[in-house]
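With CSV, N, CA and C atoms inside, this is upload.csv:
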chain,number,residue,atom,x,y,z
D,28,MET,N,82.6,114.6,109.0
D,28,MET,CA,83.0,113.2,108.8
D,28,MET,C,83.7,112.7,110.0
D,29,ASP,N,83.3,111.6,110.5
D,29,ASP,CA,83.9,111.1,111.8
D,29,ASP,C,85.0,110.1,111.4
D,30,ALA,N,85.6,109.5,112.5
D,30,ALA,CA,86.7,108.6,112.3
D,30,ALA,C,86.4,107.4,111.5
D,31,ARG,N,85.2,106.9,111.8
D,31,ARG,CA,84.7,105.7,111.1
D,31,ARG,C,84.6,105.9,109.6
D,32,ASP,N,84.1,107.1,109.2
D,32,ASP,CA,84.0,107.4,107.8
D,32,ASP,C,85.4,107.6,107.1
D,33,ARG,N,86.3,108.2,107.8
D,33,ARG,CA,87.6,108.4,107.3
D,33,ARG,C,88.3,107.0,107.1
D,34,LEU,N,88.1,106.1,108.1
D,34,LEU,CA,88.6,104.7,108.0
D,34,LEU,C,88.0,104.0,106.7
D,35,ILE,N,86.7,104.2,106.5
D,35,ILE,CA,86.1,103.5,105.4
D,35,ILE,C,86.7,104.1,104.1
D,36,ILE,N,86.9,105.4,104.0
D,36,ILE,CA,87.5,106.0,102.8
D,36,ILE,C,88.9,105.5,102.6
D,37,ALA,N,89.7,105.4,103.7
D,37,ALA,CA,91.1,104.9,103.5
D,37,ALA,C,91.1,103.4,103.1
D,38,LEU,N,90.3,102.6,103.6
D,38,LEU,CA,90.2,101.2,103.2
D,38,LEU,C,89.8,101.0,101.8
D,39,TYR,N,88.8,101.8,101.4
D,39,TYR,CA,88.3,101.7,100.0
D,39,TYR,C,89.4,102.1,99.1
D,40,ALA,N,90.1,103.2,99.4
D,40,ALA,CA,91.2,103.7,98.5
D,40,ALA,C,92.3,102.7,98.4
D,41,GLN,N,92.6,102.0,99.5
D,41,GLN,CA,93.7,101.0,99.5
D,41,GLN,C,93.2,99.8,98.7
D,42,LEU,N,92.0,99.4,98.8
D,42,LEU,CA,91.5,98.3,98.0
D,42,LEU,C,91.5,98.6,96.5
D,43,LYS,N,91.1,99.8,96.2
D,43,LYS,CA,91.1,100.2,94.8
D,43,LYS,C,92.5,100.2,94.2
D,44,ALA,N,93.5,100.7,94.9
D,44,ALA,CA,94.8,100.7,94.5
D,44,ALA,C,95.4,99.3,94.3
D,45,GLU,N,95.1,98.4,95.2
D,45,GLU,CA,95.5,97.1,95.1
D,45,GLU,C,94.9,96.4,93.9
D,46,ARG,N,93.6,96.6,93.6
D,46,ARG,CA,93.0,96.0,92.5
D,46,ARG,C,93.6,96.5,91.2
D,47,GLN,N,93.9,97.8,91.1
D,47,GLN,CA,94.6,98.4,89.9
D,47,GLN,C,96.0,97.8,89.7
D,48,THR,N,96.7,97.6,90.8
D,48,THR,CA,98.0,96.9,90.7
D,48,THR,C,97.9,95.5,90.2
D,49,ARG,N,96.9,94.8,90.7
D,49,ARG,CA,96.7,93.4,90.3
D,49,ARG,C,96.3,93.4,88.8
D,50,GLU,N,95.4,94.3,88.4
D,50,GLU,CA,95.0,94.3,86.9
D,50,GLU,C,96.3,94.6,86.1
D,51,THR,N,97.1,95.5,86.5
D,51,THR,CA,98.3,95.8,85.8
D,51,THR,C,99.2,94.6,85.7
D,52,LEU,N,99.4,93.9,86.8
D,52,LEU,CA,100.2,92.6,86.7
D,52,LEU,C,99.6,91.6,85.8
D,53,GLU,N,98.3,91.4,85.8
D,53,GLU,CA,97.6,90.5,84.9
D,53,GLU,C,97.9,90.9,83.4
D,54,TRP,N,97.8,92.2,83.2
D,54,TRP,CA,98.0,92.7,81.8
D,54,TRP,C,99.5,92.4,81.4
D,55,VAL,N,100.4,92.6,82.2
D,55,VAL,CA,101.8,92.4,81.9
D,55,VAL,C,102.1,90.9,81.6
D,56,ILE,N,101.5,90.0,82.4
D,56,ILE,CA,101.6,88.6,82.2
D,56,ILE,C,101.0,88.2,80.9
D,57,ARG,N,99.8,88.7,80.6
D,57,ARG,CA,99.1,88.3,79.3
D,57,ARG,C,99.9,88.8,78.1
D,58,ASN,N,100.6,89.9,78.2
D,58,ASN,CA,101.2,90.5,77.1
D,58,ASN,C,102.7,90.3,77.0
D,59,GLY,N,103.2,89.3,77.8
D,59,GLY,CA,104.6,88.9,77.7
D,59,GLY,C,105.6,89.8,78.2
D,60,GLY,N,105.2,90.7,79.1
D,60,GLY,CA,106.2,91.7,79.6
D,60,GLY,C,106.7,91.3,81.0
D,61,LEU,N,106.6,90.1,81.3
D,61,LEU,CA,107.0,89.6,82.6
D,61,LEU,C,108.5,89.5,82.7
D,62,SER,N,109.1,90.4,83.5
D,62,SER,CA,110.5,90.3,83.8
D,62,SER,C,110.7,90.7,85.3
D,63,LYS,N,111.9,90.4,85.8
D,63,LYS,CA,112.2,90.8,87.2
D,63,LYS,C,112.0,92.3,87.4
D,64,ASP,N,112.5,93.1,86.5
D,64,ASP,CA,112.3,94.5,86.7
D,64,ASP,C,110.9,95.0,86.7
D,65,VAL,N,110.1,94.4,85.8
D,65,VAL,CA,108.7,94.8,85.8
D,65,VAL,C,108.0,94.4,87.0
D,66,LEU,N,108.2,93.2,87.5
D,66,LEU,CA,107.6,92.7,88.7
D,66,LEU,C,108.0,93.6,89.9
D,67,GLU,N,109.3,93.9,90.0
D,67,GLU,CA,109.7,94.8,91.1
D,67,GLU,C,109.0,96.2,91.0
D,68,ALA,N,108.9,96.7,89.8
D,68,ALA,CA,108.3,98.0,89.7
D,68,ALA,C,106.8,98.0,90.1
D,69,ILE,N,106.1,96.9,89.7
D,69,ILE,CA,104.7,96.8,90.1
D,69,ILE,C,104.5,96.6,91.5
D,70,ALA,N,105.4,95.8,92.1
D,70,ALA,CA,105.2,95.5,93.6
D,70,ALA,C,105.6,96.7,94.4
D,71,ALA,N,106.6,97.5,94.0
D,71,ALA,CA,107.1,98.6,94.8
D,71,ALA,C,106.3,99.9,94.6
D,72,ASP,N,105.6,100.0,93.5
D,72,ASP,CA,104.9,101.3,93.2
D,72,ASP,C,103.4,101.1,92.9
D,73,PRO,N,102.6,100.9,94.0
D,73,PRO,CA,101.2,100.7,93.7
D,73,PRO,C,100.6,102.0,93.1
D,74,VAL,N,99.4,101.8,92.5
D,74,VAL,CA,98.7,102.9,91.9
D,74,VAL,C,98.3,103.9,93.0
D,75,PRO,N,98.6,105.1,92.9
D,75,PRO,CA,98.2,106.1,93.9
D,75,PRO,C,96.7,106.4,93.9
D,76,VAL,N,96.2,106.7,95.0
D,76,VAL,CA,94.8,107.1,95.2
D,76,VAL,C,94.6,108.5,94.7
D,77,THR,N,93.6,108.8,93.9
D,77,THR,CA,93.4,110.1,93.4
D,77,THR,C,92.3,110.8,94.2
D,78,SER,N,92.2,112.1,94.0
D,78,SER,CA,91.2,112.9,94.7
D,78,SER,C,89.8,112.5,94.2
D,79,ASP,N,89.7,112.0,93.0
D,79,ASP,CA,88.4,111.6,92.4
D,79,ASP,C,88.0,110.3,93.2
D,80,ASP,N,88.9,109.4,93.6
D,80,ASP,CA,88.6,108.3,94.4
D,80,ASP,C,88.0,108.7,95.7
D,81,VAL,N,88.6,109.6,96.4
D,81,VAL,CA,88.2,110.0,97.7
D,81,VAL,C,86.8,110.7,97.5
D,82,ALA,N,86.7,111.6,96.5
D,82,ALA,CA,85.4,112.3,96.3
D,82,ALA,C,84.2,111.3,96.1
D,83,SER,N,84.5,110.2,95.3
D,83,SER,CA,83.5,109.2,95.1
D,83,SER,C,83.0,108.6,96.4
D,84,VAL,N,84.0,108.2,97.2
D,84,VAL,CA,83.6,107.6,98.5
D,84,VAL,C,82.9,108.6,99.4
D,85,GLU,N,83.3,109.8,99.4
D,85,GLU,CA,82.6,110.8,100.2
D,85,GLU,C,81.2,111.0,99.8
D,86,LYS,N,81.0,111.0,98.5
D,86,LYS,CA,79.6,111.1,97.9
D,86,LYS,C,78.7,109.9,98.4
D,87,ILE,N,79.3,108.7,98.3
D,87,ILE,CA,78.5,107.5,98.7
D,87,ILE,C,78.2,107.6,100.2
D,88,ILE,N,79.1,108.1,101.0
D,88,ILE,CA,78.9,108.2,102.5
D,88,ILE,C,77.8,109.2,102.7
D,89,ALA,N,77.9,110.4,102.0
D,89,ALA,CA,76.8,111.4,102.2
D,89,ALA,C,75.5,110.9,101.8
D,90,LEU,N,75.4,110.2,100.7
D,90,LEU,CA,74.1,109.6,100.3
D,90,LEU,C,73.5,108.7,101.3
D,91,ASP,N,74.4,107.8,101.8
D,91,ASP,CA,74.0,106.9,102.9
D,91,ASP,C,73.5,107.6,104.1
D,92,GLU,N,74.2,108.6,104.5
D,92,GLU,CA,73.8,109.4,105.7
D,92,GLU,C,72.4,110.1,105.5
D,93,ARG,N,72.2,110.6,104.3
D,93,ARG,CA,70.9,111.2,104.0
D,93,ARG,C,69.8,110.2,104.0
D,94,ARG,N,70.0,109.0,103.5
D,94,ARG,CA,69.0,107.9,103.6
D,94,ARG,C,68.8,107.5,105.0
D,95,ARG,N,69.8,107.4,105.8
D,95,ARG,CA,69.7,107.0,107.2
D,95,ARG,C,68.8,108.1,107.9
D,96,ARG,N,69.1,109.4,107.7
D,96,ARG,CA,68.3,110.4,108.3
D,96,ARG,C,66.8,110.4,107.9
D,97,LYS,N,66.6,110.1,106.6
D,97,LYS,CA,65.3,110.1,106.1
D,97,LYS,C,64.5,108.9,106.8
D,98,LEU,N,65.1,107.8,106.9
D,98,LEU,CA,64.5,106.7,107.6
D,98,LEU,C,64.2,107.0,109.0
D,99,GLN,N,65.1,107.7,109.7
D,99,GLN,CA,64.8,108.0,111.1
D,99,GLN,C,63.7,109.0,111.2
D,100,ASN,N,63.6,110.0,110.3
D,100,ASN,CA,62.5,111.0,110.3
D,100,ASN,C,61.2,110.4,109.9
D,101,ASP,N,61.2,109.3,109.1
D,101,ASP,CA,60.0,108.7,108.6
D,101,ASP,C,59.4,107.8,109.8
D,102,ASN,N,60.2,107.4,110.7
D,102,ASN,CA,59.7,106.6,111.8
D,102,ASN,C,59.3,107.4,112.9

So, in terms of structure tokens, how does the structure I just supplied come out?
Amino acid sequence: MDARDRLIIALYAQLKAERQTRETLEWVIRNGGLSKDVLEAIAADPVPVTSDDVASVEKIIALDERRRRKLQNDN
């Protein structure tokens, strides 16, 4: 895995964590749990990236690399 692939994984993981944090904030607002303490907790503690997240991105990259090689071999 080269530097570009690692960057893609890191950016994907960051985006996923930010989406989960936003979904949590939306849920809190809809369910009336909006308080200063809740907002601070959500803002200060984003959802961590899991090893499953990284494995998913690595699988996508590997599939893409195989497709790219197959196209090069077919030409």

Atom CA of Asp80 of chain D and atom CA of Lys43 of chain D, how far apart in Å? 8.5 Å

Work out how far atom N of Val76 of chain D is from atom C of Asp64 of chain D, in Å to one decimal.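 Atom-to-atom, atom C of Asp64 of chain D and atom N of Val76 of chain D are spaced 20.5 Å apart.
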
Chain D: residues DSSP assigns to alpha helix (DSSP H), reported as a PyMOL selection string: chain D and resi 30-57+63-71+78-101

Counting only C-alpha atoms, which residue out of D:Lys63, D:Ala70, D:Leu52, D:Pro75 sits closest to Ala40 of chain D?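 Result for the nearest residue to Ala40 of chain D: D:Pro75.
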
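Relative to atom CA of Ile36 of chain D, atom CA of Val84 of chain D is found at 6.0 Å.
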
So that I can check the surroundings of Val81 of chain D, please list as a list in words every protein, DNA and RNA residue that reaches within 12 Å of it, counting only C-alpha atoms and ignoring chain neighbours fewer than 3 positions away.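 Answer for this query is Asp32, Arg33, Leu34, Ile35, Ile36, Ala37, Leu38, Tyr39, Ala40, Gln41, Lys43, Ala44, Pro75, Val76, Thr77, Ser78, Val84, Glu85, Lys86, Ile87 and Ile88 of chain D.
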
For Thr51 of chain D, work out the shell of residues within 12 Å, counting only C-alpha atoms and skipping chain neighbours fewer than 2 positions away, then give it as a ChimeraX atom specification. /D:44-49,53-58,60-61,65-66,68-70,72-74
